[in-house]
>>> print(open('input00.cif').read())   # mmCIF, C-alpha atoms
data_target
loop_
_atom_site.label_atom_id
_atom_site.label_comp_id
_atom_site.auth_asym_id
_atom_site.auth_seq_id
_atom_site.Cartn_x
_atom_site.Cartn_y
_atom_site.Cartn_z
CA MET S 9 -34.39 74.44 31.32
CA ASN S 10 -31.90 73.18 33.91
CA ALA S 11 -34.22 70.31 34.83
CA GLU S 12 -34.58 69.39 31.16
CA ARG S 13 -30.82 69.57 30.73
CA SER S 14 -30.34 67.26 33.72
CA VAL S 15 -32.83 64.75 32.34
CA ALA S 16 -31.15 64.80 28.92
CA THR S 17 -27.68 64.48 30.48
CA VAL S 18 -28.69 61.50 32.63
CA SER S 19 -30.40 59.93 29.63
CA ALA S 20 -27.27 60.39 27.49
CA LEU S 21 -25.01 59.00 30.23
CA LEU S 22 -27.18 55.91 30.68
CA SER S 23 -27.34 55.29 26.93
CA SER S 24 -23.59 55.79 26.58
CA ALA S 25 -22.90 53.39 29.44
CA SER S 26 -25.18 50.83 27.81
CA LEU S 27 -23.42 51.35 24.48
CA VAL S 28 -19.96 50.82 26.00
CA ILE S 29 -21.02 47.68 27.90
CA SER S 30 -22.70 46.15 24.87
CA LEU S 31 -19.71 46.90 22.63
CA LEU S 32 -17.28 45.39 25.13
CA GLU S 33 -19.45 42.30 25.48
CA TYR S 34 -20.20 42.00 21.74
CA GLU S 35 -23.95 42.43 22.27
CA GLY S 36 -24.85 43.76 18.83
CA ILE S 37 -28.58 44.26 19.29
CA MET S 38 -28.23 46.16 22.53
CA ALA S 39 -25.38 48.23 21.04
CA VAL S 40 -27.69 49.42 18.27
CA THR S 41 -30.60 49.96 20.68
CA SER S 42 -28.27 52.03 22.89
CA LEU S 43 -27.23 54.05 19.85
CA PHE S 44 -30.88 54.70 19.02
CA ALA S 45 -31.50 55.77 22.64
CA LEU S 46 -28.48 58.07 22.59
CA SER S 47 -29.30 59.74 19.27
CA PHE S 48 -33.03 60.07 20.03
CA GLY S 49 -32.15 61.52 23.43
CA CYS S 50 -29.89 64.15 21.87
CA ILE S 51 -32.52 65.15 19.32
CA ALA S 52 -35.30 65.18 21.91
CA PHE S 53 -33.25 67.50 24.15
CA LYS S 54 -33.04 70.04 21.31
CA ARG S 55 -36.51 69.64 19.80
CA CYS S 56 -39.01 67.75 21.97
CA SER S 57 -41.19 68.55 24.99
CA PRO S 58 -40.06 67.81 28.59
CA ARG S 59 -42.55 64.96 28.62
CA ALA S 60 -40.87 63.36 25.60
CA ASN S 61 -37.49 63.79 27.30
CA HIS S 62 -38.74 61.99 30.41
CA PHE S 63 -40.08 59.28 28.14
CA LEU S 64 -36.63 58.89 26.57
CA LEU S 65 -35.02 58.81 30.01
CA ILE S 66 -37.18 55.78 30.80
CA SER S 67 -36.08 54.26 27.47
CA ALA S 68 -32.43 54.84 28.34
CA MET S 69 -32.90 53.26 31.79
CA ALA S 70 -34.60 50.23 30.23
CA THR S 71 -31.82 49.97 27.65
CA LEU S 72 -29.07 49.97 30.28
CA LEU S 73 -30.93 47.50 32.49
CA CYS S 74 -31.58 45.10 29.63
CA THR S 75 -27.98 45.38 28.40
CA ILE S 76 -26.68 44.47 31.87
CA LEU S 77 -29.15 41.60 32.16
CA SER S 78 -28.35 40.22 28.71
CA VAL S 79 -24.59 40.10 29.35
CA THR S 80 -24.80 38.84 32.95
CA VAL S 81 -27.59 36.74 34.46
CA PHE S 82 -29.41 36.12 31.17
CA SER S 83 -26.30 35.46 29.11
CA GLN S 84 -25.88 32.27 27.15
CA GLU S 85 -23.04 31.15 29.43
CA SER S 86 -25.15 31.64 32.56
CA LEU S 87 -28.29 29.91 31.35
CA VAL S 88 -27.73 27.63 28.36
CA ASP S 89 -24.13 26.49 28.81
CA SER S 90 -24.72 25.77 32.49
CA GLY S 91 -27.72 23.62 31.57
CA SER S 92 -30.25 25.65 33.58
CA MET S 93 -32.35 26.51 30.57
CA GLU S 94 -33.32 24.97 27.23
CA LYS S 95 -31.91 26.78 24.23
CA VAL S 96 -35.36 27.52 22.76
CA THR S 97 -36.59 28.97 26.07
CA TRP S 98 -33.51 31.14 26.15
CA PHE S 99 -34.30 32.41 22.64
CA TYR S 100 -37.68 33.60 23.89
CA LEU S 101 -36.13 35.13 27.01
CA MET S 102 -33.54 37.05 24.98
CA ALA S 103 -36.23 38.14 22.53
CA LEU S 104 -38.14 39.65 25.46
CA VAL S 105 -35.03 41.31 26.87
CA HIS S 106 -34.27 42.83 23.47
CA VAL S 107 -37.81 44.01 22.81
CA VAL S 108 -38.41 45.78 26.15
CA PRO S 109 -36.24 48.85 25.41
CA LEU S 110 -37.37 48.83 21.79
CA LEU S 111 -41.00 49.48 22.71
CA PRO S 112 -40.60 53.00 24.11
CA MET S 113 -37.94 53.63 21.46
CA THR S 114 -40.38 52.80 18.67
CA PHE S 115 -42.98 55.27 19.92
CA ALA S 116 -40.22 57.80 20.59
CA SER S 117 -39.25 57.53 16.92
CA PHE S 118 -42.63 59.01 15.95
CA PHE S 119 -42.10 61.97 18.31
CA VAL S 120 -38.50 62.54 17.31
CA ILE S 121 -39.09 62.34 13.55
CA ALA S 122 -42.18 64.55 13.85
CA SER S 123 -40.24 67.15 15.85
CA ILE S 124 -37.55 67.45 13.18
CA THR S 125 -39.55 67.09 9.98
CA GLY S 126 -42.97 68.52 10.80
CA ALA S 127 -44.61 65.14 10.28
CA SER S 128 -47.99 64.37 11.78
CA TYR S 129 -49.20 60.84 12.51
CA ASN S 130 -52.72 59.75 13.38
CA TRP S 131 -53.82 56.52 15.07
CA ALA S 132 -53.94 54.57 11.80
CA VAL S 133 -50.33 55.39 10.90
CA VAL S 134 -49.19 54.49 14.42
CA ARG S 135 -51.10 51.20 14.32
CA GLY S 136 -49.84 50.28 10.88
CA LEU S 137 -46.19 51.24 11.19
CA THR S 138 -45.27 50.43 14.80
CA PRO S 139 -44.63 46.68 14.31
CA PHE S 140 -42.55 47.36 11.21
CA ILE S 141 -40.47 50.06 12.89
CA SER S 142 -39.73 47.79 15.87
CA MET S 143 -38.66 44.93 13.64
CA GLY S 144 -36.71 47.34 11.46
CA MET S 145 -34.79 48.57 14.49
CA LEU S 146 -33.72 44.99 15.22
CA VAL S 147 -32.18 44.45 11.79
CA PRO S 148 -29.13 46.73 12.25
CA GLY S 149 -28.60 44.88 15.55
CA TYR S 150 -28.28 41.56 13.76
CA VAL S 151 -25.99 43.18 11.20
CA THR S 152 -23.79 44.42 14.05
CA GLU S 153 -23.70 40.91 15.52
CA TYR S 154 -22.62 39.69 12.10
CA PHE S 155 -19.64 42.07 12.16
CA PHE S 156 -18.86 41.18 15.77
CA GLN S 157 -18.67 37.57 14.70
CA ASP S 158 -16.15 38.51 12.03
CA ILE S 159 -14.10 40.55 14.49
CA ASN S 160 -14.10 37.99 17.26
CA LEU S 161 -14.54 34.39 16.21
CA ASP S 162 -14.96 33.39 19.85
CA VAL S 163 -18.38 35.00 19.81
CA TRP S 164 -20.61 31.99 19.58
CA MET S 165 -23.48 32.61 17.25
CA VAL S 166 -26.23 30.36 18.51
CA ASP S 167 -28.41 29.51 15.56
CA ASN S 168 -31.12 30.83 13.34
CA GLY S 169 -33.73 30.50 16.06
CA TYR S 170 -32.04 33.35 17.93
CA ILE S 171 -32.91 35.66 15.04
CA LEU S 172 -36.28 34.24 14.07
CA TYR S 173 -37.71 34.06 17.61
CA GLY S 174 -36.44 37.59 18.22
CA LEU S 175 -38.29 38.91 15.19
CA LEU S 176 -41.39 36.86 15.92
CA VAL S 177 -41.67 37.95 19.56
CA THR S 178 -41.10 41.58 18.54
CA LEU S 179 -43.81 41.33 15.90
CA GLY S 180 -46.31 39.74 18.32
CA ILE S 181 -45.74 42.19 21.17
CA THR S 182 -45.74 45.29 18.98
CA LEU S 183 -48.90 44.21 17.17
CA VAL S 184 -50.73 44.10 20.51
CA LEU S 185 -49.13 47.27 21.85
CA SER S 186 -49.68 49.30 18.69
CA TRP S 187 -53.33 48.25 18.69
CA LEU S 188 -53.74 49.39 22.32
CA VAL S 189 -51.93 52.70 21.84
CA SER S 190 -53.63 53.52 18.55
CA ARG S 191 -57.05 52.70 20.02
CA ARG S 192 -56.34 55.14 22.84
CA MET S 193 -55.24 57.77 20.34
CA ARG S 194 -58.36 57.23 18.28
CA GLU S 195 -60.70 57.48 21.26
CA SER S 196 -59.06 60.64 22.55
CA HIS S 197 -58.75 62.20 19.04
CA LYS S 198 -55.02 62.65 19.43
CA ILE S 199 -52.24 62.83 16.87
CA ILE S 200 -48.47 62.93 17.16
CA ASN S 201 -46.90 66.00 15.60
CA GLU S 202 -44.02 68.41 16.21
CA HIS S 203 -45.67 69.57 19.44
CA GLY S 204 -45.91 66.03 20.82
CA LEU S 205 -49.12 64.12 21.50
CA VAL S 206 -51.87 66.68 20.91
CA VAL S 207 -55.64 66.72 20.54
CA LEU S 208 -56.77 67.05 16.94
CA GLU S 209 -58.71 70.29 16.55
CA MET Q 26 -57.20 57.63 -19.32
CA ASN Q 27 -58.44 57.17 -22.84
CA ALA Q 28 -59.69 54.00 -24.52
CA ALA Q 29 -56.44 53.36 -26.40
CA GLU Q 30 -54.36 53.52 -23.20
CA ASP Q 31 -56.82 51.26 -21.44
CA SER Q 32 -56.77 48.76 -24.27
CA ARG Q 33 -52.97 48.72 -24.37
CA GLU Q 34 -52.62 48.27 -20.61
CA ARG Q 35 -55.20 45.47 -20.58
CA ALA Q 36 -53.40 43.67 -23.40
CA VAL Q 37 -50.14 43.82 -21.43
CA ALA Q 38 -51.94 42.59 -18.31
CA TRP Q 39 -53.47 39.63 -20.19
CA ALA Q 40 -50.04 38.78 -21.61
CA MET Q 41 -48.55 38.85 -18.09
CA LEU Q 42 -51.41 36.83 -16.68
CA PHE Q 43 -50.66 33.90 -18.96
CA GLY Q 44 -47.06 34.50 -20.00
CA VAL Q 45 -45.36 34.67 -16.62
CA PRO Q 46 -46.95 31.51 -15.13
CA ALA Q 47 -46.30 29.72 -18.43
CA SER Q 48 -42.60 30.67 -18.29
CA MET Q 49 -42.47 29.49 -14.68
CA GLY Q 50 -44.01 26.24 -15.92
CA VAL Q 51 -41.21 25.87 -18.46
CA ILE Q 52 -38.59 26.38 -15.74
CA ALA Q 53 -40.43 23.85 -13.55
CA LEU Q 54 -40.41 21.40 -16.47
CA PHE Q 55 -36.62 21.64 -16.68
CA VAL Q 56 -36.51 20.94 -12.93
CA SER Q 57 -38.80 17.93 -13.11
CA LEU Q 58 -36.82 16.53 -16.05
CA GLY Q 59 -33.68 16.77 -13.93
CA LEU Q 60 -32.08 19.32 -16.27
CA ALA Q 61 -31.88 22.25 -13.82
CA PRO Q 62 -28.31 22.82 -12.54
CA GLY Q 63 -29.82 23.81 -9.18
CA LEU Q 64 -30.52 20.12 -8.52
CA ASP Q 65 -26.83 19.26 -8.90
CA ALA Q 66 -25.96 22.21 -6.68
CA GLY Q 67 -27.94 20.60 -3.85
CA HIS Q 68 -31.43 22.11 -3.91
CA PRO Q 69 -34.16 19.48 -3.45
CA GLU Q 70 -36.47 19.05 -6.45
CA GLU Q 71 -39.64 19.73 -4.46
CA TYR Q 72 -38.18 23.01 -3.20
CA LEU Q 73 -37.39 24.24 -6.72
CA LEU Q 74 -40.84 23.19 -7.97
CA ALA Q 75 -42.54 24.86 -5.03
CA THR Q 76 -40.55 28.03 -5.73
CA CYS Q 77 -41.71 28.08 -9.37
CA LEU Q 78 -45.32 27.46 -8.30
CA ALA Q 79 -45.24 30.10 -5.56
CA TRP Q 80 -43.84 32.82 -7.83
CA ALA Q 81 -46.19 31.84 -10.65
CA LEU Q 82 -49.09 32.44 -8.26
CA ILE Q 83 -47.64 35.67 -6.85
CA SER Q 84 -47.03 36.97 -10.39
CA LEU Q 85 -50.79 36.83 -11.01
CA VAL Q 86 -51.53 39.55 -8.47
CA ILE Q 87 -50.48 42.63 -10.47
CA PRO Q 88 -52.24 41.69 -13.76
CA ILE Q 89 -55.40 40.64 -11.90
CA LEU Q 90 -55.47 43.95 -10.04
CA ARG Q 91 -55.12 45.79 -13.35
CA LEU Q 92 -57.72 43.70 -15.20
CA THR Q 93 -60.25 44.14 -12.39
CA ARG Q 94 -59.55 47.90 -12.56
CA LEU Q 95 -58.43 48.13 -8.94
CA VAL Q 96 -54.74 49.08 -9.10
CA SER Q 97 -52.32 50.04 -11.85
CA LEU Q 98 -48.61 50.54 -11.19
CA PRO Q 99 -46.06 52.45 -13.29
CA PRO Q 100 -44.56 50.20 -16.01
CA ILE Q 101 -41.01 50.70 -14.72
CA LEU Q 102 -41.97 49.45 -11.25
CA VAL Q 103 -43.79 46.44 -12.71
CA PHE Q 104 -40.76 45.71 -14.85
CA VAL Q 105 -38.27 45.71 -11.97
CA ILE Q 106 -40.59 43.59 -9.79
CA TYR Q 107 -40.87 40.91 -12.46
CA ALA Q 108 -37.18 41.15 -13.35
CA ASN Q 109 -36.42 40.44 -9.71
CA ILE Q 110 -38.81 37.47 -9.65
CA TYR Q 111 -37.05 35.95 -12.66
CA PHE Q 112 -33.64 36.75 -11.21
CA TYR Q 113 -34.52 34.90 -8.01
CA VAL Q 114 -36.12 31.86 -9.64
CA LEU Q 115 -33.47 31.46 -12.35
CA CYS Q 116 -30.55 31.90 -9.93
CA LEU Q 117 -32.08 29.28 -7.66
CA CYS Q 118 -32.83 26.78 -10.42
CA CYS Q 119 -29.41 27.32 -12.02
CA GLY Q 120 -27.72 26.67 -8.69
CA LEU Q 121 -26.09 30.10 -8.55
CA TYR Q 122 -27.22 30.72 -4.98
CA LEU Q 123 -25.14 27.79 -3.77
CA ASN Q 124 -22.31 27.89 -6.30
CA VAL Q 125 -21.62 31.64 -6.54
CA SER Q 126 -20.87 33.15 -3.15
CA TRP Q 127 -22.09 36.69 -3.89
CA CYS Q 128 -25.21 35.72 -5.80
CA GLY Q 129 -27.43 35.36 -2.73
CA ASP Q 130 -26.23 38.68 -1.33
CA LEU Q 131 -26.80 40.43 -4.65
CA GLY Q 132 -30.29 38.92 -4.80
CA HIS Q 133 -31.06 40.27 -1.35
CA VAL Q 134 -29.74 43.74 -2.24
CA ILE Q 135 -31.90 43.85 -5.38
CA SER Q 136 -34.98 42.49 -3.58
CA SER Q 137 -34.48 44.95 -0.77
CA ILE Q 138 -34.19 47.82 -3.27
CA ILE Q 139 -37.51 46.84 -4.84
CA VAL Q 140 -39.30 46.34 -1.53
CA THR Q 141 -38.02 49.72 -0.32
CA CYS Q 142 -39.24 51.31 -3.57
CA ILE Q 143 -42.68 49.80 -2.93
CA VAL Q 144 -42.68 51.11 0.66
CA PHE Q 145 -41.66 54.56 -0.61
CA VAL Q 146 -44.41 54.54 -3.24
CA ALA Q 147 -46.94 53.42 -0.61
CA PHE Q 148 -45.93 56.31 1.66
CA CYS Q 149 -46.27 58.74 -1.25
CA LEU Q 150 -49.82 57.43 -1.77
CA VAL Q 151 -50.61 57.82 1.94
CA GLU Q 152 -49.20 61.35 1.85
CA VAL Q 153 -51.38 62.32 -1.08
CA HIS Q 154 -54.61 60.51 -0.22
CA SER Q 155 -54.73 60.87 3.58
CA PRO Q 156 -56.45 63.68 5.52
CA GLU Q 157 -54.63 66.98 5.83
CA HIS Q 158 -53.53 66.32 9.42
CA VAL Q 159 -51.63 63.16 8.38
CA THR Q 160 -48.28 63.82 6.75
CA PHE Q 161 -44.78 62.38 6.71
CA GLY Q 162 -43.41 65.91 6.88
CA SER Q 163 -40.36 67.06 4.98
CA ARG Q 164 -38.32 64.79 2.72
CA GLY Q 165 -36.24 63.82 5.75
CA GLY Q 166 -39.36 62.53 7.49
CA MET Q 167 -40.38 60.52 4.46
CA ALA Q 168 -36.86 59.10 4.08
CA ALA Q 169 -36.57 58.24 7.80
CA MET Q 170 -39.88 56.38 7.84
CA THR Q 171 -39.06 54.61 4.58
CA PHE Q 172 -35.75 53.49 6.08
CA LEU Q 173 -37.20 52.23 9.38
CA VAL Q 174 -40.18 50.44 7.85
CA ALA Q 175 -38.42 48.94 4.81
CA LEU Q 176 -35.72 47.46 7.06
CA SER Q 177 -38.31 45.25 8.69
CA PHE Q 178 -39.13 43.43 5.46
CA GLY Q 179 -35.73 41.74 5.48
CA GLY Q 180 -36.77 40.32 8.85
CA VAL Q 181 -40.18 39.35 7.49
CA TRP Q 182 -38.53 37.44 4.64
CA GLU Q 183 -36.25 35.58 7.08
CA MET Q 184 -39.31 34.69 9.18
CA ILE Q 185 -41.01 33.30 6.07
CA GLU Q 186 -37.90 31.23 5.36
CA GLY Q 187 -37.83 29.92 8.92
CA PHE Q 188 -41.56 29.21 8.87
CA THR Q 189 -41.23 27.30 5.58
CA ASP Q 190 -38.51 25.09 7.01
CA THR Q 191 -40.40 24.55 10.28
CA VAL Q 192 -43.58 23.51 8.47
CA SER Q 193 -41.81 21.30 5.94
CA GLY Q 194 -39.44 19.82 8.51
CA ASN Q 195 -36.51 20.36 6.14
CA ALA Q 196 -33.73 22.91 5.72
CA TYR Q 197 -34.78 24.24 2.32
CA MET Q 198 -34.32 27.96 2.82
CA VAL Q 199 -32.32 28.54 5.98
CA TYR Q 200 -28.62 27.78 5.89
CA GLY Q 201 -27.79 28.93 9.41
CA ALA Q 202 -27.48 32.09 11.45
CA THR Q 203 -24.47 33.40 9.52
CA ASP Q 204 -26.37 33.16 6.24
CA THR Q 205 -29.39 34.90 7.75
CA MET Q 206 -27.26 37.71 9.14
CA GLY Q 207 -25.52 38.07 5.77
CA ASP Q 208 -28.94 38.35 4.12
CA LEU Q 209 -30.01 41.02 6.60
CA THR Q 210 -26.79 42.94 5.93
CA ALA Q 211 -27.49 42.85 2.19
CA ASP Q 212 -31.06 44.00 2.90
CA LEU Q 213 -29.71 46.92 4.94
CA LEU Q 214 -27.54 47.96 2.00
CA GLY Q 215 -30.51 47.92 -0.39
CA VAL Q 216 -32.62 49.96 2.02
CA CYS Q 217 -29.84 52.55 2.40
CA ILE Q 218 -29.51 52.92 -1.39
CA VAL Q 219 -33.23 53.60 -1.93
CA THR Q 220 -33.52 55.83 1.14
CA LEU Q 221 -30.74 58.03 -0.23
CA PHE Q 222 -32.41 58.03 -3.63
CA ALA Q 223 -35.80 58.92 -2.10
CA TYR Q 224 -34.27 61.76 -0.09
CA THR Q 225 -32.54 63.15 -3.20
CA TYR Q 226 -35.59 62.66 -5.42
CA LEU Q 227 -37.86 64.54 -3.03
CA GLY Q 228 -35.52 67.52 -3.20
CA LYS Q 229 -36.86 68.43 -6.64
CA HIS Q 230 -40.16 66.51 -6.70
CA ASN Q 231 -42.95 65.77 -4.29
CA ALA Q 232 -45.00 62.76 -3.27
CA SER Q 233 -47.83 63.59 -5.67
CA ASP Q 234 -45.45 63.24 -8.64
CA ILE Q 235 -45.10 59.57 -7.78
CA ALA Q 236 -48.68 59.05 -6.62
CA SER Q 237 -50.04 60.44 -9.90
CA ASP Q 238 -48.47 57.51 -11.79
CA ILE Q 239 -50.50 55.02 -9.78
CA ARG Q 240 -54.20 54.43 -10.29
CA ILE Q 241 -56.21 53.11 -7.36
CA GLY Q 242 -59.93 52.42 -7.35
CA ARG Q 243 -62.38 51.96 -10.22
CA SER Q 244 -62.98 55.67 -10.63
CA ALA Q 245 -59.33 56.10 -11.65
CA PHE Q 246 -59.93 53.78 -14.61
CA GLU Q 247 -62.88 55.63 -16.09
CA ILE Q 248 -62.47 56.14 -19.82
CA ASP Q 249 -62.27 59.75 -20.86
CA ASP Q 250 -61.88 60.32 -24.60
CA SER Q 251 -62.63 64.02 -24.46
CA ASP Q 252 -58.98 64.88 -25.09
CA LEU Q 253 -58.88 62.92 -28.34
#
>>> encode(input="input00.cif", output="structure tokens")
Amino acid sequence: MNAERSVATVSALLSSASLVISLLEYEGIMAVTSLFALSFGCIAFKRCSPRANHFLLISAMATLLCTILSVTVFSQESLVDSGSMEKVTWFYLMALVHVVPLLPMTFASFFVIASITGASYNWAVVRGLTPFISMGMLVPGYVTEYFFQDINLDVWMVDNGYILYGLLVTLGITLVLSWLVSRRMRESHKIINEHGLVVLE
Amino acid sequence: MNAAEDSRERAVAWAMLFGVPASMGVIALFVSLGLAPGLDAGHPEEYLLATCLAWALISLVIPILRLTRLVSLPPILVFVIYANIYFYVLCLCCGLYLNVSWCGDLGHVISSIIVTCIVFVAFCLVEVHSPEHVTFGSRGGMAAMTFLVALSFGGVWEMIEGFTDTVSGNAYMVYGATDTMGDLTADLLGVCIVTLFAYTYLGKHNASDIASDIRIGRSAFEIDDSDL
């Protein structure tokens, strides 16, 4: 129990740090992703298996790393304004940075929701819903950026490509990943339910 | 269903099959004659005509599915879907999207409400028709999944808008990042409204109450007059 508590505490600290950094730097998408990581981590500590908690620790680490990258070396000022990168290339880069922490978070959402509600998902549900959940998690991020723009007019909102490439890259990556994961689930006759990833009897 | 119900539903479907595209044709006629206020508001003629054509084609789907005895939706859901189609097309052709600041946001809230309703209905169908080991769990599980999945359709719509402009080489549908983010905010509001409704509704009902109003597959359309 102490080990689990330590994992959950570290996970919460990392997510909180990511949340604070992203809020201070007006990084709306990473702020929402951090919030997802923090809330999922808290629920998983109470309800999920140690394996799920380790999984969420990795999510929290990825979230913090990507938040730091997106506001430092990969920021618009560092790459686009300095002329080292084309704007379109930067859109793709930021889309990748935003999607990396979302991938474990999306699969964690199945575990977390199942642990609270008694839901049970087979490979077909995972394959069908994963891309939508990932894209859905991005939307509150864009809404947050919208409010950040209202709060601080100095926040330079690039252009529509920033949003569209983000959604497109997320869709593409999650389509492939959901197909791979669901195929593995199908082959091993596994489902996700309140006990985690279990073999269907 | 009995023969009278079947006959009535088929008559409505035939009326929709011809009536809705015909009404879209009338709106398109006003556009091509230069009488649509949307032209003065700044929408290009070809964009308004393409919108009428696209929605006329999309409006065929539900009646065709009913006439081929594949899918039948509850009348109230069909009504709100078509009301939203007309709301969108008329607001666009009347120039309200560009002239009335809140019109676009209201349109997105309404569209998002309908899309979320469709997602919720789809999940109810999955819940009822899937194997025993597949379930969305309690009403909280159903509401959470509805929320997460329905949110993505706002993004899908924005991608369609961006794709349309990229292919056409014009700025027909996208008015910039601020507009897109405003649309996504309106979508979020619509999703929240239906998610709350779904959560409340499932407190006193279950998924099969909704699924029973939807007929899927030819066997669901077999005529049974034994109760007459």
>>> resolve_selection(input="input00.cif", expression="the PyMOL selection byres ((chain Q) within 9 of (chain S))", output="tab-separated table (two decimals) with C-alpha atoms, in the coordinates of the input")
chain	number	residue	atom	x	y	z
Q	158	HIS	CA	-53.53	66.32	9.42
Q	159	VAL	CA	-51.63	63.16	8.38
Q	160	THR	CA	-48.28	63.82	6.75
Q	161	PHE	CA	-44.78	62.38	6.71
Q	162	GLY	CA	-43.41	65.91	6.88
Q	163	SER	CA	-40.36	67.06	4.98
Q	164	ARG	CA	-38.32	64.79	2.72
Q	165	GLY	CA	-36.24	63.82	5.75
Q	166	GLY	CA	-39.36	62.53	7.49
Q	167	MET	CA	-40.38	60.52	4.46
Q	169	ALA	CA	-36.57	58.24	7.80
Q	170	MET	CA	-39.88	56.38	7.84
Q	172	PHE	CA	-35.75	53.49	6.08
Q	173	LEU	CA	-37.20	52.23	9.38
Q	174	VAL	CA	-40.18	50.44	7.85
Q	175	ALA	CA	-38.42	48.94	4.81
Q	176	LEU	CA	-35.72	47.46	7.06
Q	177	SER	CA	-38.31	45.25	8.69
Q	178	PHE	CA	-39.13	43.43	5.46
Q	179	GLY	CA	-35.73	41.74	5.48
Q	180	GLY	CA	-36.77	40.32	8.85
Q	181	VAL	CA	-40.18	39.35	7.49
Q	183	GLU	CA	-36.25	35.58	7.08
Q	184	MET	CA	-39.31	34.69	9.18
Q	187	GLY	CA	-37.83	29.92	8.92
Q	188	PHE	CA	-41.56	29.21	8.87
Q	199	VAL	CA	-32.32	28.54	5.98
Q	200	TYR	CA	-28.62	27.78	5.89
Q	201	GLY	CA	-27.79	28.93	9.41
Q	202	ALA	CA	-27.48	32.09	11.45
Q	203	THR	CA	-24.47	33.40	9.52
Q	204	ASP	CA	-26.37	33.16	6.24
Q	205	THR	CA	-29.39	34.90	7.75
Q	206	MET	CA	-27.26	37.71	9.14
Q	207	GLY	CA	-25.52	38.07	5.77
Q	209	LEU	CA	-30.01	41.02	6.60
Q	210	THR	CA	-26.79	42.94	5.93
Q	212	ASP	CA	-31.06	44.00	2.90
Q	213	LEU	CA	-29.71	46.92	4.94
>>> atom_distance(input="input00.cif", atom1="CA of Leu64 in chain Q", atom2="CA of Val125 in chain Q")
14.7 Å
>>> resolve_selection(input="input00.cif", expression="the PyMOL selection byres ((chain Q and resi 66-82) around 6)", output="list in words")
Pro46, Met49, Ala53, Gly63, Leu64, Asp65, Ile83, Ser84, Leu85 and Gly120 of chain Q
>>> write_last_selection(input="input00.cif", atoms="C-alpha atoms", output="PDB file, keeping the file's coordinate frame")
ATOM      1  CA  PRO Q  46     -46.950  31.510 -15.130  1.00  0.00           C
ATOM      2  CA  MET Q  49     -42.470  29.490 -14.680  1.00  0.00           C
ATOM      3  CA  ALA Q  53     -40.430  23.850 -13.550  1.00  0.00           C
ATOM      4  CA  GLY Q  63     -29.820  23.810  -9.180  1.00  0.00           C
ATOM      5  CA  LEU Q  64     -30.520  20.120  -8.520  1.00  0.00           C
ATOM      6  CA  ASP Q  65     -26.830  19.260  -8.900  1.00  0.00           C
ATOM      7  CA  ILE Q  83     -47.640  35.670  -6.850  1.00  0.00           C
ATOM      8  CA  SER Q  84     -47.030  36.970 -10.390  1.00  0.00           C
ATOM      9  CA  LEU Q  85     -50.790  36.830 -11.010  1.00  0.00           C
ATOM     10  CA  GLY Q 120     -27.720  26.670  -8.690  1.00  0.00           C
TER      11      GLY Q 120
END
>>> resolve_selection(input="input00.cif", expression="the PyMOL selection byres ((chain S and resi 89-103) around 7)", output="PyMOL selection string")
chain S and resi 84-88+104-107+169-170+173-174+177
>>> residues_around(input="input00.cif", residues="Cys116 in chain Q", least_positions_apart="4", cutoff="9 Å", atoms="only C-alpha atoms", output="list in words")
Gly63, Tyr111, Phe112, Gly120, Leu121, Tyr122, Cys128, Gly129 and Gly132 of chain Q
>>> atom_distance(input="input00.cif", atom1="CA of Pro62 in chain Q", atom2="CA of Ile110 in chain Q")
18.3 Å
>>> residues_around(input="input00.cif", residues="Met69 in chain S", least_positions_apart="4", cutoff="7 Å", atoms="all atoms listed in the file", output="PyMOL selection string")
chain S and resi 22+65+73
>>> residues_around(input="input00.cif", residues="Asp249 in chain Q", least_positions_apart="6", cutoff="9 Å", atoms="only C-alpha atoms", output="VMD selection string")
chain Q and resid 26 to 28
>>> residues_around(input="input00.cif", residues="Arg59 in chain S", least_positions_apart="5", cutoff="12 Å", atoms="all atoms listed in the file", output="ChimeraX atom specification")
/S:11-12,15-16,52-53,64-66,116,119,203-205
>>> residues_around(input="input00.cif", residues="Val18 in chain S", least_positions_apart="5", cutoff="9 Å", atoms="all atoms listed in the file", output="list in words")
Arg13, Ser23, Leu65 and Ala68 of chain S
>>> atom_distance(input="input00.cif", atom1="CA of Thr71 in chain S", atom2="CA of Thr171 in chain Q")
24.6 Å
>>> decode(input="input00.cif", residues="range 222-239 of chain Q", atoms="C-alpha atoms", output="compact mmCIF listing (two decimals), in the first residue's frame")
# COMPACT_ATOMS: atom_id res chain seq x y z
CA PHE Q 222 -29.63 15.32 -19.55
CA ALA Q 223 -28.44 11.75 -20.31
CA TYR Q 224 -27.18 11.31 -16.75
CA THR Q 225 -30.50 12.53 -15.32
CA TYR Q 226 -32.60 10.53 -17.79
CA LEU Q 227 -30.80 7.29 -16.96
CA GLY Q 228 -31.67 7.79 -13.30
CA LYS Q 229 -35.25 6.71 -13.97
CA HIS Q 230 -34.90 4.90 -17.31
CA ASN Q 231 -32.45 2.54 -18.90
CA ALA Q 232 -30.74 2.19 -22.26
CA SER Q 233 -33.33 -0.28 -23.57
CA ASP Q 234 -36.07 2.37 -23.19
CA ILE Q 235 -34.30 4.40 -25.86
CA ALA Q 236 -33.12 1.46 -27.94
CA SER Q 237 -36.67 0.10 -28.19
CA ASP Q 238 -37.73 3.20 -30.15
CA ILE Q 239 -35.20 2.44 -32.87
